[in-house]
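A.B. asks: The structure file work_0.cif (mmCIF, C-alpha atoms) is provided below.
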```
data_upload
#
loop_
_atom_site.label_atom_id
_atom_site.label_comp_id
_atom_site.auth_asym_id
_atom_site.auth_seq_id
_atom_site.Cartn_x
_atom_site.Cartn_y
_atom_site.Cartn_z
CA SER A 1 103.33 -170.84 -89.15
CA CYS A 2 102.64 -172.10 -85.62
CA CYS A 3 106.04 -173.79 -85.49
CA ARG A 4 108.33 -170.82 -86.15
CA LYS A 5 110.12 -169.14 -83.25
CA VAL A 6 107.64 -167.89 -80.67
CA ASP A 7 107.88 -165.52 -77.72
CA THR A 8 106.83 -166.08 -74.09
CA TYR A 9 103.20 -165.34 -74.93
CA GLY A 10 102.97 -167.64 -77.94
CA PHE A 11 103.37 -165.00 -80.67
CA THR A 12 105.33 -166.05 -83.75
CA ARG A 13 108.17 -163.63 -84.28
CA PRO A 14 108.28 -161.91 -87.69
CA GLU A 15 111.01 -162.83 -90.20
CA ASP A 16 112.67 -159.43 -89.71
CA PHE A 17 112.60 -159.58 -85.90
CA ASP A 18 115.58 -157.67 -84.47
CA TYR A 19 117.03 -160.32 -82.14
CA GLU A 20 120.17 -158.31 -81.44
CA THR A 21 118.34 -155.27 -80.02
CA TYR A 22 115.90 -157.50 -78.15
CA GLU A 23 118.60 -159.66 -76.57
CA GLU A 24 120.59 -156.60 -75.57
CA PHE A 25 117.48 -155.21 -73.84
CA MET A 26 116.63 -158.55 -72.17
CA SER A 27 120.16 -158.89 -70.78
CA ARG A 28 119.49 -155.68 -68.80
CA TYR A 29 115.78 -156.26 -68.16
CA LEU A 30 116.17 -159.73 -66.58
CA SER A 31 117.93 -158.26 -63.55
CA VAL A 32 115.13 -155.66 -63.24
CA LEU A 33 112.54 -158.46 -63.38
CA ALA A 34 114.37 -160.47 -60.72
CA ARG A 35 114.54 -157.44 -58.43
CA ARG A 36 110.87 -156.57 -58.96
CA ALA A 37 109.80 -160.19 -58.38
CA SER A 38 111.62 -160.19 -55.05
CA ARG A 39 109.94 -156.89 -54.01
CA TRP A 40 106.49 -158.12 -55.08
CA ASN A 41 106.91 -161.42 -53.23
CA GLY A 42 107.62 -159.37 -50.10
CA LEU A 43 104.61 -157.12 -50.69
CA LEU A 44 102.18 -159.98 -51.32
CA LYS A 45 103.45 -162.33 -48.62
CA GLY A 46 100.47 -163.74 -46.72
CA ARG A 47 98.05 -161.25 -48.30
CA LYS A 48 94.68 -162.25 -49.69
CA ALA A 49 93.91 -158.82 -51.16
CA ILE A 50 95.78 -155.74 -52.37
CA ASN A 51 94.72 -152.37 -51.00
CA ARG A 52 95.31 -149.24 -53.04
CA SER A 53 98.23 -147.22 -51.72
CA PHE A 54 101.07 -145.03 -52.94
CA LYS A 55 103.44 -147.98 -52.50
CA VAL A 56 101.26 -150.32 -54.61
CA LYS A 57 100.93 -147.63 -57.31
CA ARG A 58 104.72 -147.20 -57.36
CA PHE A 59 105.24 -150.96 -57.57
CA ILE A 60 102.74 -151.23 -60.46
CA ARG A 61 104.44 -148.42 -62.39
CA LYS A 62 107.70 -150.37 -62.17
CA GLY A 63 106.00 -153.48 -63.56
CA ILE A 64 104.07 -156.46 -62.22
CA PRO A 65 105.96 -159.78 -62.45
CA ALA A 66 104.36 -162.26 -64.88
CA GLU A 67 103.47 -164.73 -62.12
CA HIS A 68 101.44 -162.10 -60.23
CA ARG A 69 100.11 -160.02 -63.14
CA GLY A 70 96.70 -161.67 -63.56
CA MET A 71 95.93 -161.63 -59.86
CA VAL A 72 97.01 -157.99 -59.44
CA TRP A 73 94.95 -156.86 -62.45
CA MET A 74 91.88 -158.59 -61.00
CA GLU A 75 92.40 -157.09 -57.55
CA VAL A 76 93.29 -153.46 -58.31
CA SER A 77 90.69 -153.05 -61.08
CA GLY A 78 87.86 -154.31 -58.89
CA ALA A 79 87.13 -157.24 -61.25
CA GLN A 80 87.82 -159.84 -58.54
CA HIS A 81 85.21 -158.25 -56.26
CA LYS A 82 82.65 -158.22 -59.13
CA MET A 83 83.30 -161.89 -59.83
CA GLU A 84 82.99 -162.94 -56.20
CA THR A 85 79.76 -161.00 -55.67
CA ASN A 86 78.15 -162.31 -58.91
CA PRO A 87 78.99 -166.04 -58.80
CA ASP A 88 76.43 -167.40 -61.29
CA VAL A 89 76.28 -164.57 -63.81
CA TYR A 90 78.87 -165.88 -66.30
CA SER A 91 77.48 -169.43 -66.52
CA GLY A 92 73.96 -167.96 -66.70
CA LEU A 93 74.92 -165.85 -69.71
CA LEU A 94 76.49 -168.81 -71.49
CA ASN A 95 73.42 -170.98 -70.89
CA GLY A 96 70.85 -168.28 -71.68
CA GLN A 97 69.13 -167.37 -74.93
CA LYS A 98 71.39 -166.03 -77.66
CA ASP A 99 71.16 -163.37 -80.36
CA GLN A 100 72.11 -165.19 -83.59
CA GLN A 101 73.31 -162.02 -85.32
CA LEU A 102 75.72 -161.33 -82.45
CA LEU A 103 77.01 -164.92 -82.59
CA ASP A 104 77.64 -164.66 -86.34
CA THR A 105 79.54 -161.37 -85.95
CA ILE A 106 81.75 -162.78 -83.19
CA ASN A 107 82.35 -166.01 -85.11
CA THR A 108 83.66 -164.05 -88.08
CA ASP A 109 86.30 -162.37 -85.92
CA ILE A 110 87.44 -165.43 -83.93
CA HIS A 111 89.56 -166.75 -86.83
CA ARG A 112 91.04 -163.30 -87.43
CA THR A 113 92.29 -163.06 -83.84
CA PHE A 114 96.07 -163.46 -83.63
CA PRO A 115 96.45 -166.20 -86.28
CA GLU A 116 100.21 -165.87 -85.64
CA ASN A 117 99.80 -166.96 -82.00
CA ILE A 118 100.16 -170.65 -81.10
CA TYR A 119 97.08 -170.47 -78.83
CA PHE A 120 94.81 -168.91 -81.47
CA CYS A 121 96.04 -170.28 -84.81
CA ASP A 122 94.19 -173.01 -86.77
CA ALA A 123 96.77 -175.69 -85.93
CA SER A 124 96.78 -174.95 -82.18
CA ARG A 125 96.96 -177.93 -79.84
CA GLU A 126 96.06 -175.81 -76.81
CA SER A 127 93.51 -173.56 -78.45
CA LYS A 128 91.98 -170.69 -76.50
CA ARG A 129 89.47 -169.93 -79.25
CA VAL A 130 86.51 -171.52 -77.45
CA ALA A 131 87.22 -169.48 -74.31
CA LEU A 132 87.57 -166.33 -76.44
CA TYR A 133 84.23 -167.03 -78.15
CA ASN A 134 82.47 -167.75 -74.82
CA ILE A 135 83.67 -164.51 -73.20
CA LEU A 136 82.69 -162.34 -76.18
CA VAL A 137 79.27 -163.99 -76.40
CA ALA A 138 78.68 -163.65 -72.65
CA PHE A 139 79.75 -160.00 -72.65
CA GLY A 140 77.63 -159.20 -75.73
CA HIS A 141 74.53 -160.46 -73.91
CA HIS A 142 75.54 -158.93 -70.57
CA ASN A 143 76.09 -155.43 -71.97
CA LYS A 144 73.75 -154.90 -74.91
CA THR A 145 74.79 -151.25 -75.30
CA VAL A 146 78.29 -152.32 -76.32
CA GLY A 147 77.38 -155.76 -77.62
CA TYR A 148 80.43 -156.65 -79.66
CA CYS A 149 82.88 -154.20 -81.24
CA GLN A 150 85.91 -155.00 -83.35
CA GLY A 151 89.01 -154.81 -81.21
CA LEU A 152 87.46 -156.54 -78.19
CA ASN A 153 88.55 -159.92 -79.58
CA PHE A 154 92.22 -158.87 -79.34
CA ILE A 155 91.84 -157.45 -75.83
CA VAL A 156 90.16 -160.64 -74.54
CA ALA A 157 92.75 -162.82 -76.28
CA ILE A 158 95.51 -161.03 -74.34
CA PHE A 159 93.50 -161.47 -71.11
CA LEU A 160 93.41 -165.22 -71.77
CA LEU A 161 97.19 -165.34 -72.25
CA ILE A 162 97.69 -163.66 -68.86
CA LEU A 163 94.79 -164.89 -66.70
CA LYS A 164 94.36 -168.47 -67.94
CA ASP A 165 90.85 -168.43 -66.39
CA GLU A 166 87.81 -167.80 -68.59
CA GLU A 167 85.49 -166.36 -65.95
CA GLN A 168 88.18 -164.01 -64.62
CA ALA A 169 88.82 -162.74 -68.15
CA PHE A 170 85.07 -162.07 -68.57
CA TRP A 171 84.91 -159.98 -65.38
CA LEU A 172 88.08 -158.11 -66.26
CA LEU A 173 86.47 -157.19 -69.61
CA VAL A 174 83.29 -156.03 -67.82
CA THR A 175 85.38 -153.86 -65.46
CA LEU A 176 87.54 -152.44 -68.24
CA LEU A 177 84.59 -151.46 -70.45
CA GLU A 178 82.11 -150.37 -67.78
CA ASP A 179 84.32 -148.79 -65.11
CA ILE A 180 87.77 -147.93 -66.52
CA LEU A 181 86.87 -146.93 -70.10
CA PRO A 182 83.11 -146.31 -69.98
CA GLU A 183 81.55 -145.68 -73.41
CA TYR A 184 84.87 -146.11 -75.25
CA TYR A 185 83.38 -149.08 -77.07
CA SER A 186 79.72 -148.07 -77.48
CA ASN A 187 78.35 -148.02 -81.03
CA THR A 188 79.14 -144.32 -81.36
CA ILE A 189 82.42 -144.49 -79.39
CA GLN A 190 81.56 -140.91 -78.43
CA SER A 191 83.55 -141.05 -75.21
CA LEU A 192 86.70 -142.08 -77.08
CA GLN A 193 86.26 -139.27 -79.62
CA LEU A 194 85.70 -136.78 -76.79
CA ASP A 195 88.79 -138.03 -74.98
CA LYS A 196 90.99 -137.49 -78.03
CA LYS A 197 89.41 -134.15 -78.81
CA ARG A 198 89.78 -132.80 -75.31
CA ILE A 199 93.44 -133.79 -74.93
CA PHE A 200 94.85 -133.21 -78.39
CA THR A 201 93.01 -130.00 -79.27
CA SER A 202 93.29 -128.41 -75.83
CA GLY A 203 95.56 -125.44 -75.20
CA ARG A 204 97.50 -127.67 -72.84
CA PHE A 205 98.62 -129.96 -75.67
CA GLU A 206 99.41 -126.97 -77.92
CA LEU A 207 101.50 -125.46 -75.15
CA LYS A 208 103.55 -128.65 -74.77
CA ASN A 209 103.74 -129.54 -78.49
CA PRO A 210 103.30 -126.30 -80.46
CA THR A 211 105.11 -127.54 -83.58
CA VAL A 212 103.08 -130.78 -83.77
CA SER A 213 99.81 -128.88 -83.23
CA ALA A 214 100.72 -126.42 -85.97
CA VAL A 215 101.50 -129.17 -88.51
CA ILE A 216 98.27 -131.09 -87.80
CA GLU A 217 96.21 -127.89 -87.94
CA LYS A 218 97.84 -126.71 -91.17
CA GLU A 219 96.97 -129.97 -92.92
CA GLY A 220 93.49 -129.98 -91.37
CA MET A 221 93.92 -133.57 -90.21
CA PRO A 222 91.51 -134.98 -87.64
CA TRP A 223 93.32 -136.52 -84.67
CA SER A 224 91.04 -139.55 -84.95
CA ILE A 225 92.85 -140.68 -88.13
CA LEU A 226 96.20 -140.53 -86.35
CA VAL A 227 95.54 -142.10 -82.95
CA THR A 228 92.24 -144.04 -82.95
CA LYS A 229 93.94 -147.42 -83.41
CA TRP A 230 96.26 -146.69 -80.48
CA PHE A 231 93.29 -146.15 -78.18
CA VAL A 232 90.76 -148.68 -79.51
CA CYS A 233 93.27 -151.55 -79.36
CA LEU A 234 94.92 -150.20 -76.18
CA TYR A 235 98.23 -150.33 -78.11
CA ILE A 236 97.91 -154.02 -79.11
CA ASP A 237 99.45 -154.51 -82.57
CA VAL A 238 100.92 -151.02 -82.22
CA LEU A 239 103.65 -151.60 -79.61
CA PRO A 240 105.54 -154.78 -78.57
CA ILE A 241 103.56 -157.12 -76.30
CA GLU A 242 105.82 -156.63 -73.26
CA THR A 243 105.39 -152.85 -73.52
CA VAL A 244 101.60 -153.25 -73.93
CA LEU A 245 101.41 -155.34 -70.76
CA ARG A 246 103.39 -152.75 -68.78
CA ILE A 247 100.95 -150.06 -70.01
CA TRP A 248 97.98 -152.24 -68.98
CA ASP A 249 99.51 -152.79 -65.52
CA CYS A 250 99.06 -149.04 -64.97
CA LEU A 251 95.75 -148.79 -66.88
CA PHE A 252 94.02 -151.14 -64.43
CA TYR A 253 95.22 -149.09 -61.47
CA GLU A 254 95.24 -145.49 -62.75
CA GLY A 255 92.66 -145.44 -65.56
CA SER A 256 92.51 -143.96 -69.07
CA LYS A 257 95.02 -141.16 -68.45
CA ILE A 258 97.76 -143.80 -68.92
CA LEU A 259 96.71 -144.17 -72.58
CA PHE A 260 97.27 -140.41 -73.03
CA ARG A 261 100.63 -140.46 -71.25
CA VAL A 262 101.79 -143.09 -73.77
CA ALA A 263 100.48 -141.14 -76.78
CA LEU A 264 101.86 -137.80 -75.59
CA THR A 265 105.27 -139.33 -74.86
CA MET A 266 105.55 -140.95 -78.29
CA ILE A 267 104.49 -137.71 -80.01
CA LYS A 268 106.88 -135.60 -77.91
CA ARG A 269 109.84 -137.90 -78.59
CA ASN A 270 109.17 -137.76 -82.34
CA GLU A 271 108.27 -134.09 -82.51
CA ALA A 272 111.03 -133.25 -85.04
CA THR A 273 109.95 -136.03 -87.45
CA ILE A 274 106.30 -134.93 -87.30
CA ALA A 275 107.24 -131.26 -87.68
CA ALA A 276 109.24 -132.05 -90.81
CA ALA A 277 106.22 -133.69 -92.48
CA THR A 278 104.79 -131.58 -95.30
CA SER A 279 101.80 -133.62 -96.44
CA PHE A 280 98.92 -135.82 -95.31
CA PRO A 281 100.79 -139.10 -96.11
CA GLY A 282 103.95 -137.64 -94.56
CA ILE A 283 102.18 -137.01 -91.25
CA LEU A 284 100.69 -140.53 -91.27
CA GLU A 285 104.17 -141.98 -91.83
CA ALA A 286 105.63 -139.80 -89.05
CA PHE A 287 103.01 -141.11 -86.61
CA LYS A 288 103.79 -144.66 -87.66
CA GLN A 289 107.45 -143.96 -86.87
CA CYS A 290 106.39 -142.85 -83.36
CA THR A 291 105.53 -146.48 -82.65
CA GLN A 292 108.91 -147.71 -83.92
CA ASP A 293 111.01 -145.47 -81.68
CA SER A 294 114.09 -147.27 -80.29
CA ILE A 295 112.89 -146.80 -76.68
CA ILE A 296 109.65 -148.74 -77.35
CA THR A 297 111.34 -152.16 -77.08
CA ASP A 298 112.89 -151.18 -73.75
CA CYS A 299 109.55 -151.22 -71.93
CA HIS A 300 111.19 -150.30 -68.61
CA ALA A 301 112.82 -147.12 -69.95
CA PHE A 302 109.65 -146.29 -71.91
CA MET A 303 107.44 -146.56 -68.82
CA GLN A 304 109.81 -144.28 -66.93
CA ALA A 305 109.53 -141.80 -69.81
CA ILE A 306 105.71 -141.74 -69.84
CA PHE A 307 105.68 -140.59 -66.22
CA ALA A 308 108.44 -138.01 -66.74
CA ASP A 309 107.97 -136.52 -70.22
CA PRO A 310 104.34 -135.32 -70.34
CA GLY A 311 104.44 -133.84 -66.82
CA PRO A 312 101.43 -133.99 -64.48
CA LEU A 313 98.23 -135.33 -66.07
CA PRO A 314 95.63 -135.55 -63.29
CA MET A 315 92.37 -137.39 -63.99
CA ALA A 316 90.45 -134.36 -62.66
CA GLN A 317 91.91 -132.22 -65.45
CA ILE A 318 91.00 -134.80 -68.08
CA LEU A 319 87.41 -134.93 -66.79
CA LYS A 320 87.23 -131.12 -66.83
CA LEU A 321 88.39 -131.05 -70.46
CA ARG A 322 85.81 -133.74 -71.31
CA GLN A 323 82.99 -131.64 -69.80
CA GLU A 324 84.12 -128.59 -71.81
CA CYS A 325 84.07 -130.67 -75.03
CA GLU A 326 80.65 -132.14 -74.17
CA ALA A 327 79.31 -128.63 -73.55
CA LYS A 328 80.54 -127.47 -76.99
CA ILE A 329 78.96 -130.49 -78.70
CA SER A 330 75.60 -130.14 -76.91
#
```
Represent the supplied structure as structure tokens.

C.D. replies:
Amino acid sequence: SCCRKVDTYGFTRPEDFDYETYEEFMSRYLSVLARRASRWNGLLKGRKAINRSFKVKRFIRKGIPAEHRGMVWMEVSGAQHKMETNPDVYSGLLNGQKDQQLLDTINTDIHRTFPENIYFCDASRESKRVALYNILVAFGHHNKTVGYCQGLNFIVAIFLLILKDEEQAFWLLVTLLEDILPEYYSNTIQSLQLDKKRIFTSGRFELKNPTVSAVIEKEGMPWSILVTKWFVCLYIDVLPIETVLRIWDCLFYEGSKILFRVALTMIKRNEATIAAATSFPGILEAFKQCTQDSIITDCHAFMQAIFADPGPLPMAQILKLRQECEAKIS
């Protein structure tokens, strides 16, 4: 399977891959990429660091060129600073005492991680499996509250395809889980459940998507069944890889609200399909169709939509909704 047609990131394309739609999109997107690369080269010229600014935020929303992506993620997330100020931590974790149960759990998932990718499949000549294992083991011992959760293997695997450097990928994981999405991946994943509850059951969502809210409420479906995979995997295996990377560009700069913008946009665009669903399985199928929307392949148009369709979604408002949910629970 490693020898079939693969994409830029080493993923084997499925048998039913729609080359026509993809090539039509790429014919338009290549000129966008060339223009963005030229702008980014100008922005980064002679710079050793990237300071947060409205211009940088705007540039990131329009996409980070592949050659700069890893460096920009490290800089804007704060992971680079963590790595530079903790030079011996990663090697110390790898050389320290290990929890055998944690090692066994991680080992089980290593072979399940992207077997269709040339860098992670059994027959790989340039395998990244050892690096993947090392990072997950180091993180599990660094942050014992999280340890290892299913889903982290896929996130780290993508990091390794973009960053190429094991230690950088470790610090990016630390930053993502401890600063950007704190408690999303704890054993209870309480923060993730609160996030979904506060956004999708708030009056604000009902106001914007009354028909969707009514259908979900009528069937008594918990939102967690519908959108947990989207959030836990940060849209890996849900949306095309190029679209996922564009979402992550913004995630590392703007935080978790980006994940909601994506979800709200997909739901809004497929409102009629969801509203027409009359049963539990029908709603599940309608949500699956959200991820197969024609705009999803065109990551550039999709990213423009996520900043236009849901309207303003300030982090302060999200935090306020979280506190209200926490108060109800406690």

A.B. asks: Could you list, as a ChimeraX atom specification, every residue within 12 Å of Asn86 in chain A, counting all atoms listed in the file and ignoring same-chain residues fewer than 4 positions away?

C.D. replies: /A:79-82,90-93,167-168,170-171

A.B. asks: Next, write the just-selected residues to a file, as an mmCIF file, in the coordinates of the input, keeping C-alpha atoms as the atom set.

C.D. replies:
```
data_model
loop_
_atom_site.group_PDB
_atom_site.id
_atom_site.type_symbol
_atom_site.label_atom_id
_atom_site.label_comp_id
_atom_site.auth_asym_id
_atom_site.auth_seq_id
_atom_site.Cartn_x
_atom_site.Cartn_y
_atom_site.Cartn_z
ATOM 1 C CA ALA A 79 87.130 -157.240 -61.250
ATOM 2 C CA GLN A 80 87.820 -159.840 -58.540
ATOM 3 C CA HIS A 81 85.210 -158.250 -56.260
ATOM 4 C CA LYS A 82 82.650 -158.220 -59.130
ATOM 5 C CA TYR A 90 78.870 -165.880 -66.300
ATOM 6 C CA SER A 91 77.480 -169.430 -66.520
ATOM 7 C CA GLY A 92 73.960 -167.960 -66.700
ATOM 8 C CA LEU A 93 74.920 -165.850 -69.710
ATOM 9 C CA GLU A 167 85.490 -166.360 -65.950
ATOM 10 C CA GLN A 168 88.180 -164.010 -64.620
ATOM 11 C CA PHE A 170 85.070 -162.070 -68.570
ATOM 12 C CA TRP A 171 84.910 -159.980 -65.380
#
```

A.B. asks: Smallest atom-to-atom distance to Asn95 in chain A: which of A:Arg112, A:Val56, A:Pro14, A:Val137, using only C-alpha atoms?

C.D. replies: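 Residue with the minimum atom-to-atom distance to Asn95 in chain A: A:Val137.
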
A.B. asks: Give me the result of the PyMOL selection byres ((chain A and resi 44-52) around 10) on this file, residue by residue, as a PyMOL selection string.

C.D. replies: chain A and resi 39-43+53-57+68+71-72+74-76+80+253

A.B. asks: So which residues get picked by the PyMOL selection byres ((chain A and resi 164) around 12) here, written as a PyMOL selection string?

C.D. replies: chain A and resi 9+67+69-71+119+126-128+131-132+156-163+165-170

A.B. asks: Applied to this file, what does the PyMOL selection byres ((chain A and resi 279) around 12) return in terms of residues, put as a PyMOL selection string?

C.D. replies: chain A and resi 215-221+274-278+280-286

A.B. asks: Do you know which residues are at most 10 Å from Ile267 in chain A counting only C-alpha atoms, after dropping those on the same chain fewer than 3 positions away, and could you put them as a list in words?

C.D. replies: Asn209, Val212, Arg261, Val262, Ala263, Leu264, Asn270, Glu271, Ala272, Thr273, Ile274, Ala286, Phe287, Gln289, Cys290, Thr291 and Pro310 of chain A

A.B. asks: Determine the nearest neighbour of Met303 in chain A from the options A:Glu178, A:Glu15, A:Asp249, A:Glu254, counting only C-alpha atoms.

C.D. replies: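 Of all the options, A:Asp249 lies closest to Met303 in chain A.
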
A.B. asks: If we count all atoms listed in the file and set the cut-off at 7 Å, which residues sit around Thr113 in chain A, ignoring sequence neighbours fewer than 6 positions away in its own chain? Please answer as a list in words.

C.D. replies: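 Residues meeting the cut-off are Phe120, Asn153 and Phe154 of chain A.
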
A.B. asks: For each of A:His142, A:Asp298, A:Ala123, A:Glu183, take the minimum atom-to-atom distance to Ile241 in chain A, counting all atoms listed in the file, then give the residue where this is smallest.

C.D. replies: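 Of the candidates, the smallest distance to Ile241 in chain A is held by A:Asp298.
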
A.B. asks: Smallest atom-to-atom distance to Ser256 in chain A: which of A:Pro182, A:Gly140, A:Gly78, A:Pro115, using all atoms listed in the file?

C.D. replies: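 Comparing A:Pro182, A:Gly140, A:Gly78, A:Pro115 against Ser256 in chain A, the winner is A:Pro182.
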
A.B. asks: Quick one: of A:Leu234, A:Val244, A:Pro65, A:Met83, who's nearest to Val174 in chain A, counting only C-alpha atoms?

C.D. replies: A:Met83

A.B. asks: Any idea what the distance is between CA of Tyr22 in chain A and CA of Lys62 in chain A?

C.D. replies: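 CA of Lys62 in chain A lies 19.3 Å from CA of Tyr22 in chain A.
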
A.B. asks: Can you measure CA of Thr297 in chain A to CA of Arg269 in chain A for me? One decimal in Å is fine.

C.D. replies: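 Between these atoms lies a distance of 14.4 Å.
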
A.B. asks: Restricting the calculation to only C-alpha atoms, which member of A:Tyr184, A:Tyr133, A:Phe114, A:Phe307 is positioned closest to Val146 in chain A?

C.D. replies: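 Of the candidates, the smallest distance to Val146 in chain A is held by A:Tyr184.
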
A.B. asks: Skip Lys229 in chain A itself and residues of its chain fewer than 3 positions away, then list as a PyMOL selection string all residues within 12 Å of it, counting all atoms listed in the file.

C.D. replies: chain A and resi 150-151+192-193+196+223-226+232-239+259+263+287-288+291

A.B. asks: Go ahead and dump the residues you just picked, C-alpha atoms, as a short mmCIF file (atom, residue, chain, number, x, y, z; two decimals), in the frame of the given file.

C.D. replies:
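Wrote out.cif, looks like this:
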```
data_model
loop_
_atom_site.label_atom_id
_atom_site.label_comp_id
_atom_site.auth_asym_id
_atom_site.auth_seq_id
_atom_site.Cartn_x
_atom_site.Cartn_y
_atom_site.Cartn_z
CA GLN A 150 85.91 -155.00 -83.35
CA GLY A 151 89.01 -154.81 -81.21
CA LEU A 192 86.70 -142.08 -77.08
CA GLN A 193 86.26 -139.27 -79.62
CA LYS A 196 90.99 -137.49 -78.03
CA TRP A 223 93.32 -136.52 -84.67
CA SER A 224 91.04 -139.55 -84.95
CA ILE A 225 92.85 -140.68 -88.13
CA LEU A 226 96.20 -140.53 -86.35
CA VAL A 232 90.76 -148.68 -79.51
CA CYS A 233 93.27 -151.55 -79.36
CA LEU A 234 94.92 -150.20 -76.18
CA TYR A 235 98.23 -150.33 -78.11
CA ILE A 236 97.91 -154.02 -79.11
CA ASP A 237 99.45 -154.51 -82.57
CA VAL A 238 100.92 -151.02 -82.22
CA LEU A 239 103.65 -151.60 -79.61
CA LEU A 259 96.71 -144.17 -72.58
CA ALA A 263 100.48 -141.14 -76.78
CA PHE A 287 103.01 -141.11 -86.61
CA LYS A 288 103.79 -144.66 -87.66
CA THR A 291 105.53 -146.48 -82.65
#
```

A.B. asks: Rounded to one decimal in Å, what is the spacing between CA of Arg246 in chain A and CA of Leu30 in chain A?

C.D. replies: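 Between CA of Arg246 in chain A and CA of Leu30 in chain A the gap is 14.7 Å.
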